[in-house]
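Take a look at the structure below.
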Amino acid sequence: MASIAVQIVTYNSANFIKACLDSVILQSYPVEKIIVIDNNSNDSIKDIVSCYSNVHFVQNSVNNGFVGGHNQALNYTSADYVLVLNPDVILDKYYIEYIMEYMQQHENVGATTGKLYRDLDKRIIDSTGINIKKNRRAIDRGSGEVDNGQYDSSLNVFGVSGAAAIYRREMIRMISFEEQFFDESFFAYKEDVDVSWRARLAGWKICLVPKAIAKHERGWKDNKSRKNISLETRKHSYINRHYYMVKNDNLLYFLMHFPFIFIYEASCLVYILLKEPKLFSAYKLLFKEYKALKIKKEFIQSNRKAPYKKIYQYFKGIW
């Protein structure tokens, strides 16, 4: 039986972690190891997790971000598969079993997700994978839709959300650069888009397993304002799209889609000018990281096995 580890990165996640861990422990498929990396929270997370004797808990003295935390967690296990899980996700009992069954039957599949619900009772979808537009905007597939069976086929998707993604260890090793699976330049947000794009360039398939289901509240009930999110996090949320474009995009297809990219960029700049002018400083991050991103692009291209046409068939829609 193939082994799987579950890793969770927390930051002030005390309100969610118990339900999340309980759902992991109750999985029908045996989990080799559960790892929780805490990014220097100031809540009661340590007290809650310490009640679980079968959870390996690490409390960082600084906030390493979602990306750094998950890279850290990968070093605590050598399991054949890894479930990267958000602390606000509650898994159905068979989530891991259904996905492991599928991945072991399809050796060319490097990453999968189940069907994530924003509201399970009302069947409102949170994500069934990641779609990407010609303007390079990535969105959660089916987000906000009522589930009427429109996503009930196991099928290829461009990418999977890092909220509840299972990755094959072989793929993790293949696409990691300087021992980083998730690119730590991203810190948080859109790192799952980057991983998905890199995996597809390396020739791996990425799939949805719809009978594996989970609930992902994603803070929807809180109706949080962007003002409650730190400027540093908002900067990464905005600029990380540019990061994955620099690293993964092909010049020919970039030029073919340039009108759509330009319109979207112009719209974003107008919004920033009028609503969040401090976000302009995010471009400093891009200039700072640009050389390193180009080096990573060389590595990605050296490992490319899939033809570009096969990758860009997923780039659909203009907004």
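To be explicit about the labels: the chains of the structure tokens are called A, B, and onward in the order shown, and within each one the residues are counted from 1, while ligands get numbers from 1 in the order they are shown.
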
Contact residues around Tyr312 in chain A with only C-alpha atoms at 10 Å, ignoring same-chain residues under 2 positions, as a PDB file with C-alpha atoms, in the first residue's frame:
```
ATOM      1  CA  ILE A 132      -6.437  29.763 -16.352  1.00  0.00           C
ATOM      2  CA  LYS A 133      -7.464  32.505 -18.775  1.00  0.00           C
ATOM      3  CA  LYS A 134      -5.622  33.918 -21.780  1.00  0.00           C
ATOM      4  CA  PHE A 158      -4.999  22.805 -15.657  1.00  0.00           C
ATOM      5  CA  ASP A 249       5.249  31.379 -20.083  1.00  0.00           C
ATOM      6  CA  ASN A 250       6.293  30.797 -23.671  1.00  0.00           C
ATOM      7  CA  TYR A 253       1.943  32.246 -26.814  1.00  0.00           C
ATOM      8  CA  PRO A 307       4.661  20.375 -26.143  1.00  0.00           C
ATOM      9  CA  TYR A 308       3.487  23.947 -25.653  1.00  0.00           C
ATOM     10  CA  LYS A 309       0.332  23.292 -27.658  1.00  0.00           C
ATOM     11  CA  LYS A 310      -0.705  20.712 -25.075  1.00  0.00           C
ATOM     12  CA  TYR A 314      -6.077  25.010 -21.041  1.00  0.00           C
ATOM     13  CA  PHE A 315      -5.784  28.799 -21.512  1.00  0.00           C
ATOM     14  CA  LYS A 316      -9.401  29.623 -22.284  1.00  0.00           C
TER      15      LYS A 316
END
```

Quick one: residues within 8 Å of range 266-281 of chain A, only C-alpha atoms counted, chain neighbours fewer than 3 positions away excluded, as a VMD selection string?
chain A and resid 231 234 to 235 262 to 263 284 to 285

Output N, CA and C atoms for every residue in the selection just made, as a CSV table (one decimal), in the first residue's frame.
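File written: part-v8.csv
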```
chain,number,residue,atom,x,y,z
A,231,LEU,N,-0.5,44.6,4.0
A,231,LEU,CA,0.0,45.1,2.8
A,231,LEU,C,1.0,44.1,2.1
A,234,ARG,N,-1.0,41.4,0.5
A,234,ARG,CA,-1.7,41.9,-0.7
A,234,ARG,C,-0.8,42.1,-1.8
A,235,LYS,N,0.5,42.5,-1.5
A,235,LYS,CA,1.5,42.7,-2.6
A,235,LYS,C,1.8,41.4,-3.3
A,262,PHE,N,-2.7,42.6,-21.9
A,262,PHE,CA,-2.6,44.1,-21.7
A,262,PHE,C,-3.8,44.7,-21.1
A,263,ILE,N,-5.0,44.3,-21.6
A,263,ILE,CA,-6.3,44.8,-21.1
A,263,ILE,C,-6.4,44.5,-19.6
A,284,LYS,N,8.4,46.4,-6.9
A,284,LYS,CA,9.8,46.3,-6.4
A,284,LYS,C,10.2,44.9,-6.1
A,285,LEU,N,9.2,44.1,-5.7
A,285,LEU,CA,9.4,42.7,-5.4
A,285,LEU,C,9.8,42.0,-6.8
```

Quick one: pick out all strand (DSSP E) residues within range 4-231 of chain A from a backbone DSSP run and write them as a PyMOL selection string.
chain A and resi 4-10+33-38+55-59+81-85+89-91+109-119+124-127+130-132+138-140+155-156+164-168+205-216

Please list as a count of residues only every residue within 10 Å of Asn248 in chain A, counting only C-alpha atoms and excluding residues in the same chain fewer than 3 positions away.
16

Give me the residues near range 32-38 of chain A as a ChimeraX atom specification, where near means some atom within 8 Å (using only C-alpha atoms) and where sequence neighbours in that chain fewer than 2 positions away do not count.
/A:3-11,30,40-41,54-60,69-70,72-73,76-77,79

Save the residues we just selected, C-alpha atoms, as a CSV table (one decimal), in the first residue's frame?
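What follows is the written file again-v3.csv:
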```csv
chain,number,residue,atom,x,y,z
A,3,SER,CA,2.1,5.7,1.9
A,4,ILE,CA,0.8,9.2,2.3
A,5,ALA,CA,1.6,12.1,4.7
A,6,VAL,CA,-0.7,15.0,5.5
A,7,GLN,CA,0.9,18.4,6.1
A,8,ILE,CA,-0.9,21.6,7.4
A,9,VAL,CA,0.5,25.1,7.8
A,10,THR,CA,-1.2,27.2,10.3
A,11,TYR,CA,-1.2,30.9,11.2
A,30,PRO,CA,-4.1,5.0,6.7
A,40,ASN,CA,4.5,31.9,14.9
A,41,SER,CA,0.8,32.2,15.7
A,54,ASN,CA,-0.1,11.3,16.6
A,55,VAL,CA,0.6,14.8,15.1
A,56,HIS,CA,4.1,16.1,14.6
A,57,PHE,CA,3.9,19.8,15.6
A,58,VAL,CA,6.6,22.4,14.8
A,59,GLN,CA,6.2,26.0,15.9
A,60,ASN,CA,8.3,28.5,14.0
A,69,GLY,CA,5.9,26.2,5.8
A,70,HIS,CA,5.0,23.5,3.4
A,72,GLN,CA,9.6,22.7,5.6
A,73,ALA,CA,7.0,20.1,6.2
A,76,TYR,CA,9.7,15.5,7.8
A,77,THR,CA,8.5,12.7,5.6
A,79,ALA,CA,5.9,9.2,2.0
```

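Separating CA of Tyr52 in chain A from CA of Leu21 in chain A is a distance of 8.6 Å.
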
Pick out the residues sitting within 10 Å of Val24 in chain A, and hand them over as a PyMOL selection string; count only C-alpha atoms, and ignore anything fewer than 5 positions along from it in its own chain.
chain A and resi 6+18-19+29-31+34+85+89-96

Residues from the last selection, C-alpha atoms, saved as a PDB file, in the first residue's frame:
```
ATOM      1  CA  VAL A   6      -0.657  15.037   5.495  1.00  0.00           C
ATOM      2  CA  LYS A  18      -9.469  20.731  15.504  1.00  0.00           C
ATOM      3  CA  ALA A  19     -12.155  19.960  12.933  1.00  0.00           C
ATOM      4  CA  TYR A  29      -7.030   5.293   4.165  1.00  0.00           C
ATOM      5  CA  PRO A  30      -4.137   5.018   6.660  1.00  0.00           C
ATOM      6  CA  VAL A  31      -2.066   8.186   6.992  1.00  0.00           C
ATOM      7  CA  ILE A  34       0.480  14.197  10.102  1.00  0.00           C
ATOM      8  CA  LEU A  85      -4.058  20.739   3.372  1.00  0.00           C
ATOM      9  CA  VAL A  89     -10.669  22.271   5.265  1.00  0.00           C
ATOM     10  CA  ILE A  90     -12.724  19.348   6.577  1.00  0.00           C
ATOM     11  CA  LEU A  91     -12.289  16.128   4.613  1.00  0.00           C
ATOM     12  CA  ASP A  92     -14.947  13.530   3.922  1.00  0.00           C
ATOM     13  CA  LYS A  93     -13.950  10.163   5.391  1.00  0.00           C
ATOM     14  CA  TYR A  94     -13.042   8.716   1.985  1.00  0.00           C
ATOM     15  CA  TYR A  95     -11.261  11.765   0.517  1.00  0.00           C
ATOM     16  CA  ILE A  96      -7.775  10.268   0.600  1.00  0.00           C
TER      17      ILE A  96
END
```

For the atom pair CA of Ser237 in chain A and CA of Arg136 in chain A, what is the interatomic distance in Å to one decimal place?
13.9 Å

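Proximity of A:Ser53, A:Asn63, A:Lys190, A:Asn135 to His257 in chain A, computed with only C-alpha atoms, is greatest for A:Asn135.
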
Show which residues sit within 8 Å of Ser78 in chain A, as a PyMOL selection string. Count only C-alpha atoms, and ignore same-chain residues fewer than 3 positions away.
chain A and resi 74-75+169

Near Lys122 in chain A, counting only C-alpha atoms, which residues have an atom at most 9 Å away, once you skip same-chain residues fewer than 4 positions from it, shown as number ranges by chain?
A: 118, 146-147

With C-alpha atoms retained, export the selected residues as a PDB file, in the first residue's frame.
```pdb
ATOM      1  CA  ARG A 118     -17.831  26.356   0.108  1.00  0.00           C
ATOM      2  CA  VAL A 146     -24.408  25.219  -7.262  1.00  0.00           C
ATOM      3  CA  ASP A 147     -23.306  21.645  -7.874  1.00  0.00           C
TER       4      ASP A 147
END
```

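With only C-alpha atoms as the atoms that count, the minimum distance from His216 in chain A to the choices A:Asp22, A:Asp152, A:Asp47, A:Asp119 is reached by A:Asp119.
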
Could you check the closest approach to Glu289 in chain A for each of A:Ser185, A:Asn42, A:Asn108, A:Ser23 and tell me which residue wins, using only C-alpha atoms?
A:Ser185

Between CA of Ile48 in chain A and CA of Ile25 in chain A, measure the distance and give it in Å to one decimal.
14.7 Å
